[in-house]
>>> print(open('coords_21.txt').read())   # compact mmCIF, C-alpha atoms and all ligand atoms
# COMPACT_ATOMS: atom_id res chain seq x y z
CA MET W 29 16.61 10.97 15.00
CA SER W 30 14.02 13.70 15.17
CA ASP W 31 10.36 12.97 15.35
CA SER W 32 8.27 14.01 12.37
CA GLY W 33 5.79 15.63 14.73
CA SER W 34 8.30 17.73 16.62
CA SER W 35 8.66 21.45 16.23
CA GLU W 36 11.59 23.28 14.81
CA THR W 37 12.35 26.13 12.48
CA ARG W 38 13.71 25.00 9.16
CA ASN W 39 14.29 26.09 5.61
CA ASP W 40 12.36 24.17 3.02
CA GLY W 41 15.02 24.36 0.36
CA ALA W 42 12.87 26.67 -1.72
CA GLY W 43 13.91 29.69 0.24
CA ARG W 44 10.82 29.66 2.47
CA THR W 45 11.17 29.37 6.19
CA HIS W 46 8.51 27.44 8.03
CA GLY W 47 7.90 28.09 11.65
CA GLY W 48 6.55 24.59 12.12
CA GLY W 49 5.66 25.58 15.67
CA SER W 50 3.06 23.94 17.79
CA ASP W 51 0.48 26.42 16.56
CA GLY W 52 1.00 25.10 13.02
CA THR W 53 1.30 28.54 11.49
CA HIS W 54 3.52 29.59 8.62
CA ASN W 55 5.40 32.82 8.41
CA ASP W 56 2.67 34.35 6.27
CA GLY W 57 0.23 33.80 9.11
CA SER W 58 -1.67 31.08 7.30
CA SER W 59 -2.18 27.70 8.87
CA ASP W 60 -2.71 24.28 7.39
CA GLU W 61 -2.12 22.40 10.61
CA ARG W 62 -5.66 21.82 11.77
CA PRO W 63 -5.86 20.53 15.30
CA ALA W 64 -8.92 18.40 15.71
CA GLY W 65 -11.18 18.55 18.71
CA PRO W 66 -13.75 16.21 20.22
CA GLY W 67 -16.83 16.08 18.03
CA ASP W 68 -14.97 17.68 15.17
CA GLU W 69 -16.82 16.75 11.98
CA ARG W 70 -14.27 17.99 9.48
CA PRO W 71 -13.42 15.53 6.71
CA TRP W 72 -10.05 14.47 8.14
CA ASN W 73 -11.53 13.77 11.54
CA ARG W 74 -14.27 11.20 11.11
CA PRO W 75 -13.11 8.24 13.16
CA GLU W 76 -16.05 6.16 11.99
CA GLU W 77 -14.64 6.23 8.45
CA PRO W 78 -11.85 3.72 7.87
CA LEU W 79 -8.59 4.82 6.34
CA SER W 80 -7.19 2.85 3.45
CA ILE W 81 -3.63 1.63 3.44
CA ASP W 82 -3.28 2.96 -0.11
CA GLY W 83 -4.26 6.39 1.23
CA ILE W 84 -1.62 6.14 3.92
CA GLY W 85 0.88 5.34 1.16
CA THR W 86 -0.17 8.56 -0.54
CA TYR W 87 0.31 10.46 2.74
CA LEU W 88 3.82 9.07 3.06
CA ARG W 89 4.65 10.29 -0.43
CA CYS W 90 3.20 13.73 0.19
CA PRO W 91 0.66 14.79 2.83
CA ARG W 92 -0.72 17.51 0.54
CA GLN W 93 -1.36 14.91 -2.16
CA TYR W 94 -3.36 12.97 0.43
CA GLU W 95 -5.37 16.08 1.26
CA PHE W 96 -6.23 16.72 -2.39
CA ALA W 97 -7.16 13.10 -3.07
CA ARG W 98 -8.73 11.84 0.15
CA VAL W 99 -10.04 14.92 1.97
CA HIS W 100 -11.22 17.03 -0.95
CA GLY W 101 -11.81 14.11 -3.33
CA LEU W 102 -10.08 15.89 -6.23
CA GLU W 103 -9.30 13.72 -9.21
CA SER W 104 -5.67 13.64 -10.14
CA ALA W 105 -4.74 14.47 -13.73
CA ASP W 106 -2.91 11.13 -13.98
CA GLU W 107 -5.56 9.04 -12.24
CA SER W 108 -5.94 5.54 -13.64
CA ASP W 109 -9.40 4.31 -14.58
CA GLY W 110 -8.63 1.00 -12.85
CA SER W 111 -8.98 -1.07 -16.00
CA ASP W 112 -5.30 -1.65 -16.54
CA ARG W 113 -3.93 -4.98 -17.66
CA VAL W 114 -2.85 -6.13 -14.23
CA ASP W 115 -6.43 -5.65 -13.14
CA LEU W 116 -7.60 -7.89 -15.99
CA LEU W 117 -5.27 -10.65 -14.82
CA ARG W 118 -6.28 -10.11 -11.22
CA ARG W 119 -9.94 -10.59 -12.11
CA ALA W 120 -9.26 -13.59 -14.34
CA ILE W 121 -7.16 -15.39 -11.72
CA CYS W 122 -9.60 -14.62 -8.92
CA ALA W 123 -12.43 -15.99 -11.07
CA ALA W 124 -10.43 -19.17 -11.66
CA LEU W 125 -9.70 -19.58 -7.94
CA ARG W 126 -13.37 -19.05 -7.08
CA THR W 127 -14.31 -22.08 -9.20
CA GLY W 128 -12.65 -24.26 -6.56
CA LYS W 129 -10.68 -26.11 -9.24
CA THR W 130 -7.20 -27.14 -8.17
CA THR W 131 -5.62 -29.06 -11.04
CA HIS W 132 -3.25 -27.31 -13.41
CA GLY W 133 -5.34 -27.83 -16.54
CA ALA W 134 -8.70 -26.92 -15.00
CA LEU W 135 -7.38 -23.84 -13.22
CA LEU W 136 -5.60 -22.59 -16.34
CA GLU W 137 -8.64 -23.17 -18.55
CA ALA W 138 -10.91 -21.30 -16.14
CA GLY W 139 -8.46 -18.40 -16.01
CA LEU W 140 -7.98 -18.22 -19.79
CA THR W 141 -11.72 -18.36 -20.39
CA ARG W 142 -12.37 -15.46 -18.04
CA LEU W 143 -9.42 -13.52 -19.43
CA ALA W 144 -10.81 -13.89 -22.97
CA GLU W 145 -14.16 -12.49 -21.81
CA LEU W 146 -12.53 -9.56 -20.05
CA TRP W 147 -10.21 -8.88 -22.98
CA GLY W 148 -13.17 -8.71 -25.32
CA ASP W 149 -14.52 -5.79 -23.30
CA HIS W 150 -11.14 -4.21 -22.68
CA ASP W 151 -11.07 -0.70 -24.09
CA GLU W 152 -7.49 0.45 -24.47
CA ARG W 153 -5.93 2.40 -27.29
CA PHE W 154 -3.16 0.41 -29.00
CA HIS W 155 -0.88 1.48 -31.84
CA SER W 156 -1.88 -1.47 -33.99
CA ARG W 157 -3.70 -4.78 -34.01
CA THR W 158 -0.30 -6.45 -33.72
CA GLN W 159 0.37 -4.64 -30.47
CA ARG W 160 -3.06 -5.56 -29.13
CA ARG W 161 -2.48 -9.21 -30.03
CA HIS W 162 0.97 -9.09 -28.41
CA GLU W 163 -0.36 -7.62 -25.15
CA ARG W 164 -2.95 -10.36 -24.95
CA THR W 165 -0.25 -12.97 -25.53
CA VAL W 166 1.77 -11.47 -22.67
CA LEU W 167 -1.25 -11.66 -20.35
CA GLU W 168 -1.90 -15.29 -21.28
CA ALA W 169 1.77 -16.17 -20.77
CA THR W 170 1.70 -14.50 -17.35
CA LEU W 171 -1.43 -16.43 -16.39
CA ARG W 172 0.26 -19.69 -17.42
CA ALA W 173 3.37 -18.75 -15.45
CA TYR W 174 1.27 -17.94 -12.37
CA VAL W 175 -0.55 -21.28 -12.49
CA GLU W 176 2.73 -23.08 -13.05
CA ALA W 177 4.68 -21.31 -10.30
CA VAL W 178 2.17 -21.08 -7.48
CA GLY W 179 -1.42 -21.21 -8.77
CA THR W 180 -2.18 -24.88 -8.20
CA ASP W 181 -0.53 -24.85 -4.76
CA HIS W 182 -2.46 -21.76 -3.73
CA ALA W 183 -5.73 -23.19 -5.08
CA ALA W 184 -5.14 -26.35 -3.05
CA GLY W 185 -4.40 -24.22 0.04
CA LEU W 186 -7.58 -22.27 -0.58
CA GLU W 187 -9.57 -25.48 -0.75
CA GLN W 188 -8.23 -26.41 2.70
CA CYS W 189 -9.79 -23.26 4.18
CA VAL W 190 -13.22 -23.98 2.74
CA GLY W 191 -15.66 -25.68 5.07
CA ALA W 192 -19.26 -25.75 6.16
CA ASP W 193 -19.54 -22.01 6.74
CA VAL W 194 -16.75 -20.79 4.51
CA THR W 195 -16.84 -20.74 0.71
CA CYS W 196 -14.22 -19.80 -1.88
CA ALA W 197 -16.13 -16.56 -2.41
CA ASP W 198 -15.43 -15.59 1.22
CA LEU W 199 -11.69 -15.88 0.68
CA VAL W 200 -11.15 -14.65 -2.88
CA GLY W 201 -11.38 -11.07 -4.18
CA PRO W 202 -10.71 -8.91 -5.99
CA GLY W 203 -11.08 -6.39 -3.22
CA LEU W 204 -11.11 -8.80 -0.29
CA THR W 205 -10.63 -6.36 2.58
CA LEU W 206 -8.66 -7.10 5.72
CA SER W 207 -8.66 -4.49 8.43
CA ARG W 208 -6.86 -3.64 11.61
CA THR W 209 -7.71 -1.11 14.29
CA VAL W 210 -5.04 1.40 15.25
CA SER W 211 -5.09 3.85 18.12
CA PRO W 212 -3.64 7.06 16.69
CA SER W 213 -0.74 8.59 18.56
CA LYS W 214 -1.43 11.99 20.02
CA THR W 215 -0.03 14.86 17.99
CA ALA W 216 1.72 17.86 19.52
CA GLU W 217 -1.56 19.77 19.36
CA SER W 218 -3.58 17.21 21.26
CA ALA W 219 -0.88 16.20 23.72
CA GLY W 220 -2.07 18.70 26.32
CA SER W 221 -5.75 17.84 26.05
CA GLU W 222 -7.84 16.63 28.94
CA PRO W 223 -7.70 13.02 30.12
CA GLY W 224 -10.46 11.09 28.42
CA ASP W 225 -9.93 12.99 25.17
CA ASP W 226 -7.87 10.14 23.76
CA PRO W 227 -8.44 9.86 20.03
CA SER W 228 -10.76 7.04 19.06
CA PRO W 229 -9.22 3.98 17.43
CA ILE W 230 -9.38 4.03 13.66
CA GLU W 231 -9.86 1.11 11.34
CA ILE W 232 -7.34 0.76 8.54
CA GLU W 233 -8.27 -1.33 5.53
CA ALA W 234 -6.03 -3.18 3.08
CA ASP W 235 -7.24 -5.05 0.01
CA VAL W 236 -5.80 -8.47 -0.74
CA ASP W 237 -6.76 -10.83 -3.56
CA TYR W 238 -7.09 -14.15 -1.79
CA VAL W 239 -6.28 -16.13 1.32
CA PHE W 240 -5.00 -19.70 1.47
CA ARG W 241 -3.36 -22.19 3.77
CA ASP W 242 0.27 -23.20 3.37
CA GLY W 243 1.32 -25.84 5.88
CA SER W 244 1.10 -24.27 9.31
CA SER W 245 0.44 -20.77 7.93
CA LEU W 246 -2.56 -18.79 6.76
CA VAL W 247 -1.39 -16.60 3.90
CA ALA W 248 -2.83 -13.48 2.27
CA ALA W 249 -1.79 -12.77 -1.33
CA ARG W 250 -2.00 -9.55 -3.30
CA PHE W 251 -1.37 -9.09 -7.01
CA VAL W 252 0.86 -6.12 -7.81
CA PRO W 253 2.37 -4.89 -11.10
CA THR W 254 6.01 -5.38 -10.02
CA LEU W 255 8.13 -5.65 -6.90
CA ALA W 256 10.40 -2.80 -7.95
CA SER W 257 8.90 -0.34 -5.46
CA LEU W 258 9.96 -2.56 -2.55
CA GLY W 259 13.59 -1.56 -3.11
CA LEU W 260 15.75 -2.89 -0.30
CA LEU W 261 12.95 -5.10 1.04
CA ARG W 262 13.20 -7.36 -2.02
CA TYR W 263 16.68 -8.44 -1.13
CA ARG W 264 16.38 -8.89 2.61
CA SER W 265 14.76 -11.58 4.70
CA ARG W 266 14.84 -9.99 8.13
CA TRP W 267 13.99 -6.74 9.87
CA LYS W 268 17.10 -6.37 11.97
CA GLY W 269 19.97 -4.52 10.32
CA ASP W 270 19.69 -2.25 7.32
CA VAL W 271 15.90 -2.65 6.88
CA ALA W 272 15.32 -1.34 10.42
CA GLY W 273 17.84 1.46 9.86
CA HIS W 274 16.30 2.44 6.52
CA PHE W 275 12.81 2.56 8.01
CA VAL W 276 13.87 4.72 10.96
CA ASP W 277 15.91 7.03 8.73
CA HIS W 278 12.90 7.72 6.50
CA PHE W 279 11.33 9.61 9.40
CA ASP W 280 14.51 11.47 10.33
CA ARG W 281 14.50 15.02 9.02
CA GLU W 282 18.27 15.09 9.11
CA SER W 283 18.54 12.03 6.88
CA ASP W 284 18.50 11.90 3.09
CA VAL W 285 16.60 8.63 3.19
CA TYR W 286 13.11 9.10 1.75
CA ASP W 287 11.48 5.84 0.71
CA PRO W 288 7.69 6.08 1.05
CA GLU W 289 7.14 2.95 -1.05
CA ALA W 290 9.19 0.66 1.19
CA VAL W 291 7.80 2.25 4.37
CA GLY W 292 4.28 1.93 2.96
CA ALA W 293 4.89 -1.75 2.18
CA LEU W 294 5.86 -2.37 5.81
CA PHE W 295 2.75 -0.51 7.01
CA GLU W 296 0.67 -2.57 4.59
CA THR W 297 2.21 -5.76 5.95
CA ALA W 298 1.35 -4.66 9.50
CA VAL W 299 -2.28 -4.06 8.54
CA VAL W 300 -2.66 -7.22 6.45
CA LEU W 301 -1.18 -9.45 9.15
CA GLY W 302 -3.40 -7.83 11.79
CA GLY W 303 -6.50 -8.33 9.63
CA LEU W 304 -5.45 -11.86 8.77
CA ARG W 305 -5.13 -12.74 12.46
CA SER W 306 -8.74 -11.64 12.97
CA LEU W 307 -9.87 -13.66 9.94
CA ARG W 308 -7.93 -16.68 11.21
CA ASP W 309 -9.73 -16.49 14.53
CA ARG W 310 -13.13 -16.09 12.83
CA LEU W 311 -12.41 -19.15 10.68
CA GLY W 312 -11.38 -21.13 13.74
CA LEU W 313 -7.84 -21.63 12.42
CA GLY W 314 -6.17 -20.78 15.73
CA GLY W 315 -2.54 -21.78 15.93
CA LYS W 316 -1.80 -20.88 12.32
CA THR W 317 0.87 -18.25 11.82
CA CYS W 318 -0.05 -15.47 9.40
CA ARG W 319 1.95 -14.47 6.36
CA TYR W 320 1.65 -11.95 3.51
CA VAL W 321 2.94 -12.39 -0.04
CA ARG W 322 2.95 -10.13 -3.09
CA VAL W 323 2.55 -11.65 -6.54
CA PRO W 324 3.91 -9.53 -9.44
CA LEU W 325 1.96 -9.79 -12.70
CA ALA W 326 3.66 -7.23 -14.94
CA ASP W 327 7.35 -7.78 -14.39
CA ARG W 328 8.67 -7.30 -17.92
CA SER W 329 12.22 -8.03 -16.74
CA ARG W 330 11.20 -11.71 -16.50
CA THR W 331 9.59 -11.73 -19.95
CA SER W 332 11.20 -12.70 -23.24
CA VAL W 333 9.54 -12.36 -26.64
CA ASN W 334 10.17 -14.40 -29.78
CA TRP W 335 8.94 -11.95 -32.43
CA VAL W 336 9.40 -14.45 -35.26
CA ARG W 337 7.20 -17.09 -33.68
CA GLY W 338 4.98 -14.56 -31.94
CA SER W 339 5.47 -16.29 -28.60
CA VAL W 340 6.13 -14.95 -25.12
CA GLU W 341 7.80 -16.64 -22.18
CA THR W 342 7.69 -15.30 -18.68
CA SER W 343 7.89 -16.39 -15.07
CA VAL W 344 6.31 -15.33 -11.80
CA LYS W 345 8.27 -15.07 -8.57
CA ILE W 346 6.43 -14.06 -5.43
CA THR W 347 7.85 -12.20 -2.43
CA ASP W 348 7.00 -12.89 1.19
CA LEU W 349 7.12 -9.68 3.23
CA THR W 350 6.45 -11.32 6.59
CA ASP W 351 10.00 -11.95 7.77
CA VAL W 352 11.28 -8.58 6.70
CA TYR W 353 8.52 -6.97 8.80
CA VAL W 354 8.58 -9.14 11.90
CA ASP W 355 10.82 -7.90 14.67
CA GLN W 356 12.14 -11.02 16.38
CA HIS W 357 12.40 -9.15 19.68
CA ALA W 358 8.68 -8.28 19.60
CA TYR W 359 7.93 -11.83 18.45
CA ALA W 360 9.82 -13.30 21.41
CA MET W 361 7.80 -11.10 23.79
CA THR W 362 4.34 -11.57 22.28
CA HIS W 363 4.53 -14.73 20.13
CA GLU W 364 2.72 -12.66 17.51
CA HIS W 365 4.24 -11.64 14.21
CA ARG W 366 4.49 -7.94 15.02
CA ASN W 367 6.89 -5.05 14.83
CA GLU W 368 6.53 -2.35 17.46
CA THR W 369 8.66 0.18 15.58
CA VAL W 370 6.49 -0.09 12.46
CA ASP W 371 3.26 -0.21 14.47
CA GLY W 372 4.31 2.89 16.47
CA ARG W 373 5.05 4.87 13.33
CA LEU W 374 1.79 3.77 11.76
CA ALA W 375 -0.06 5.06 14.83
CA ALA W 376 1.81 8.35 14.54
CA ILE W 377 0.90 8.76 10.85
CA VAL W 378 -2.74 7.98 11.59
CA GLY W 379 -2.60 10.57 14.38
CA ARG W 380 -1.27 13.18 11.96
CA ILE W 381 -3.96 12.43 9.37
CA ARG W 382 -6.60 12.59 12.08
CA ALA W 383 -5.26 15.97 13.21
CA GLY W 384 -5.37 17.33 9.65
CA LYS W 385 -1.62 17.80 9.32
CA PHE W 386 -1.10 18.03 5.57
CA ASP W 387 1.82 20.41 5.35
CA PRO W 388 4.45 18.68 3.16
CA THR W 389 7.32 20.95 4.15
CA ASP W 390 8.69 18.68 6.89
CA ARG W 391 10.55 16.88 4.11
CA TRP W 392 10.13 19.46 1.38
CA GLU W 393 13.39 18.81 -0.45
CA GLN W 394 12.59 15.11 -0.79
CA VAL W 395 8.93 15.66 -1.69
CA GLN W 396 9.84 18.25 -4.27
CA ARG W 397 12.48 16.01 -5.81
CA ALA W 398 10.68 12.66 -5.75
CA ALA W 399 6.93 13.29 -5.63
CA CYS W 400 6.22 16.62 -7.31
CA PRO W 401 7.50 15.82 -10.83
CA ASP W 402 4.86 13.10 -11.39
CA CYS W 403 2.10 14.60 -9.28
CA GLY W 404 -1.30 15.04 -10.90
CA TYR W 405 -2.10 17.94 -8.56
CA ALA W 406 0.92 20.06 -9.50
CA VAL W 407 -1.14 22.66 -11.38
CA CYS W 408 -3.28 23.47 -8.34
CA CYS W 409 -0.77 22.94 -5.54
CA GLN W 410 0.19 26.10 -3.68
CA ASP W 411 3.26 24.47 -2.14
CA ARG W 412 4.65 23.58 -5.55
CA ILE W 413 3.67 26.88 -7.15
CA ALA W 414 5.19 28.87 -4.28
CA SER W 415 8.47 26.97 -4.58
CA GLU W 416 8.61 27.54 -8.34
CA VAL W 417 7.89 31.27 -7.96
CA GLN W 418 10.65 31.46 -5.37
CA PHE W 419 13.01 29.64 -7.74
CA ASP W 420 12.22 31.87 -10.70
CA GLY W 421 12.43 35.08 -8.63
S1 LIG W 501 2.70 19.03 -6.33
FE1 LIG W 501 4.19 18.24 -4.85
S2 LIG W 501 3.67 19.24 -2.91
FE2 LIG W 501 1.91 19.48 -4.27
S3 LIG W 501 0.56 17.74 -3.80
FE3 LIG W 501 1.87 17.13 -5.52
S4 LIG W 501 3.62 16.09 -4.58
FE4 LIG W 501 2.60 17.27 -2.97
>>> encode(input="coords_21.txt", output="structure tokens", more="lines below")
Ligand code: SF4
Amino acid sequence: MSDSGSSETRNDGAGRTHGGGSDGTHNDGSSDERPAGPGDERPWNRPEEPLSIDGIGTYLRCPRQYEFARVHGLESADESDGSDRVDLLRRAICAALRTGKTTHGALLEAGLTRLAELWGDHDERFHSRTQRRHERTVLEATLRAYVEAVGTDHAAGLEQCVGADVTCADLVGPGLTLSRTVSPSKTAESAGSEPGDDPSPIEIEADVDYVFRDGSSLVAARFVPTLASLGLLRYRSRWKGDVAGHFVDHFDRESDVYDPEAVGALFETAVVLGGLRSLRDRLGLGGKTCRYVRVPLADRSRTSVNWVRGSVETSVKITDLTDVYVDQHAYAMTHEHRNETVDGRLAAIVGRIRAGKFDPTDRWEQVQRAACPDCGYAVCCQDRIASEVQFDG
């Protein structure tokens, strides 16, 4: 396996050769590897500003995309306005959980009431009134399925966390942020710097939707559209074996494996569990193990429609990412749910972001194939334009 930060000469598959040397220069003399120095105030090197786990997911997909979005703040042509239907359900369910109600009927009524209010203000272009009515029916069916499958249990677990100093509002989002501090790994550029120049730790933030107790565990839950992006992780319940191999291969330049979504999900799990451990200690819930679950709210593969009766049936099945992340070897050593391989790679990625390394050509073939076609920055991206010119010429 070769390290993503190592130096070697390679062809990017578009006919361009990238020196990729420690000076970060390309063959045309330009440089987009920007070694950071102490006191450097450039946008990618502000340790006081937290990184978001969603941003790190973008970096995994394509470092240049990260630079456009997070360093220069450029809006992507395909950027969502955040008012999608999953977000409506997220807000309705969170509002229901914040009421503190735990019975099936009361929780469902609170959720449906809030959903009706949000739907009234929901501005989305539909083909017809029938389609609008249908989409609302799907949302209501999903809310019912959520309450039925896990909602009342989670609401009861939430109630168990509430005490004198802790209210439902402290534990329910949307946008409840958990954070973990990571010490970035040194990059090739900073490896020879003076002792004492160690990069400052950086806070990484991950949003979850609520936190609840489940037996001997404290659990963070996040609503997502579907679980499809998890790929292999959906079907495995442990780290050891093909999950570990898949993760390591993603960072191997010689490997065809390129799975930023699954790798990002493992990074997210690392951050959420770290943040949840801190929250557990603040809440005085020592001794509880921490877990992280994803709750899909737009999985149409679990939905069936009776067009004659105008009814919709669906179900909600959550996924627990804890066991697939936890390395039992690290757990045996530390008695903490951790994974040193994932944590080490996360530190390396944070180090690369901190050093301003946004050149996507390390894995150009994969980026070009998987990320470029749907990228909202394609029209202004020199990497993409250069590869297309090379292709046409
Ligand atoms: S067009 Fe391709 S290389 Fe350019 S930012 Fe988008 S994904 Fe990255």
>>> atom_distance(input="coords_21.txt", atom1="CA of Arg337 in chain W", atom2="CA of Ser156 in chain W")
18.1 Å
>>> closest_residue(input="coords_21.txt", among="W:Arg126, W:His132, W:Lys214, W:His155", to="Phe240 in chain W", atoms="all atoms listed in the file")
W:Arg126
>>> closest_residue(input="coords_21.txt", among="W:Asp390, W:Leu143, W:Lys129, W:Tyr353", to="Asp280 in chain W", atoms="only C-alpha atoms")
W:Asp390
>>> residues_near_ligand(input="coords_21.txt", ligand="ligand LIG 501 (chain W)", cutoff="10 Å", atoms="only C-alpha atoms and all ligand atoms", output="number ranges by chain")
W: 86-87, 89-97, 104, 386-389, 392, 394-415
>>> atom_distance(input="coords_21.txt", atom1="CA of Asp348 in chain W", atom2="CA of Val239 in chain W")
13.7 Å
>>> atom_distance(input="coords_21.txt", atom1="CA of Arg264 in chain W", atom2="CA of Thr369 in chain W")
17.6 Å
>>> closest_residue(input="coords_21.txt", among="W:Ala120, W:Cys318, W:Val352, W:Ala184", to="Ser265 in chain W", atoms="all atoms listed in the file")
W:Val352
>>> residues_around(input="coords_21.txt", residues="Val321 in chain W", least_positions_apart="6", cutoff="9 Å", atoms="only C-alpha atoms", output="VMD selection string")
chain W and resid 247 to 251 297 346 to 350
>>> closest_residue(input="coords_21.txt", among="W:Asp112, W:Asp151, W:Asp284, W:Glu187", to="Val252 in chain W", atoms="only C-alpha atoms")
W:Asp112
>>> closest_residue(input="coords_21.txt", among="W:Lys345, W:Lys316, W:Arg118, W:Leu206", to="Leu301 in chain W", atoms="all atoms listed in the file")
W:Leu206
>>> residues_around(input="coords_21.txt", residues="Pro227 in chain W", least_positions_apart="4", cutoff="8 Å", atoms="all atoms listed in the file", output="MDAnalysis selection string")
chainID W and resid 211:214
>>> write_last_selection(input="coords_21.txt", atoms="C-alpha atoms", output="tab-separated table (two decimals), keeping the file's coordinate frame")
chain	number	residue	atom	x	y	z
W	211	SER	CA	-5.09	3.85	18.12
W	212	PRO	CA	-3.64	7.06	16.69
W	213	SER	CA	-0.74	8.59	18.56
W	214	LYS	CA	-1.43	11.99	20.02
>>> closest_residue(input="coords_21.txt", among="W:Gly372, W:Pro324, W:Gly384, W:Gly259", to="Leu117 in chain W", atoms="only C-alpha atoms")
W:Pro324
>>> residues_near_point(input="coords_21.txt", point="(1.9, -10.8, -10.3)", cutoff="12 Å", atoms="only C-alpha atoms", output="JSON, numbers by chain")
{"W": [113, 114, 115, 116, 117, 118, 119, 121, 167, 169, 170, 171, 172, 173, 174, 175, 177, 178, 179, 237, 249, 250, 251, 252, 253, 254, 255, 256, 321, 322, 323, 324, 325, 326, 327, 328, 330, 342, 343, 344, 345, 346, 347]}
>>> residues_around(input="coords_21.txt", residues="Gly128 in chain W", least_positions_apart="4", cutoff="8 Å", atoms="all atoms listed in the file", output="CSV table (one decimal) with C-alpha atoms, in the coordinates of the input")
chain,number,residue,atom,x,y,z
W,124,ALA,CA,-10.4,-19.2,-11.7
W,183,ALA,CA,-5.7,-23.2,-5.1
W,187,GLU,CA,-9.6,-25.5,-0.8
W,196,CYS,CA,-14.2,-19.8,-1.9
>>> decode(input="coords_21.txt", residues="range 351-397 of chain W", atoms="C-alpha atoms", output="compact mmCIF listing (two decimals), in the first residue's frame")
# COMPACT_ATOMS: atom_id res chain seq x y z
CA ASP W 351 -19.55 -2.53 15.26
CA VAL W 352 -18.39 -2.13 11.70
CA TYR W 353 -16.12 0.72 12.86
CA VAL W 354 -14.77 -0.66 16.11
CA ASP W 355 -11.52 -2.54 15.82
CA GLN W 356 -11.69 -5.26 18.47
CA HIS W 357 -7.90 -5.18 18.84
CA ALA W 358 -7.96 -1.47 19.72
CA TYR W 359 -10.99 -2.09 21.96
CA ALA W 360 -9.13 -4.82 23.87
CA MET W 361 -6.22 -2.42 24.44
CA THR W 362 -8.16 0.71 25.38
CA HIS W 363 -11.66 -0.47 26.39
CA GLU W 364 -12.89 2.38 24.20
CA HIS W 365 -14.83 1.89 21.00
CA ARG W 366 -12.08 3.09 18.68
CA ASN W 367 -10.31 2.14 15.50
CA GLU W 368 -6.70 3.22 15.16
CA THR W 369 -6.56 2.61 11.41
CA VAL W 370 -9.55 4.88 10.78
CA ASP W 371 -8.38 7.46 13.32
CA GLY W 372 -4.88 7.52 11.76
CA ARG W 373 -6.26 8.11 8.29
CA LEU W 374 -8.58 10.80 9.57
CA ALA W 375 -5.59 12.58 11.11
CA ALA W 376 -3.75 12.29 7.79
CA ILE W 377 -6.66 13.79 5.83
CA VAL W 378 -6.96 16.65 8.33
CA GLY W 379 -3.21 17.21 7.94
CA ARG W 380 -3.57 17.43 4.17
CA ILE W 381 -6.46 19.89 4.39
CA ARG W 382 -4.49 21.96 6.88
CA ALA W 383 -1.51 22.00 4.51
CA GLY W 384 -3.69 23.15 1.60
CA LYS W 385 -3.22 20.02 -0.48
CA PHE W 386 -6.09 20.16 -2.94
CA ASP W 387 -4.58 18.55 -6.00
CA PRO W 388 -6.99 15.77 -7.05
CA THR W 389 -4.55 13.99 -9.34
CA ASP W 390 -3.39 11.44 -6.75
CA ARG W 391 -6.44 9.41 -7.77
CA TRP W 392 -7.29 11.23 -10.97
CA GLU W 393 -8.74 8.28 -12.87
CA GLN W 394 -11.18 7.52 -10.07
CA VAL W 395 -12.08 11.16 -9.43
CA GLN W 396 -12.64 11.78 -13.11
CA ARG W 397 -14.81 8.69 -13.45
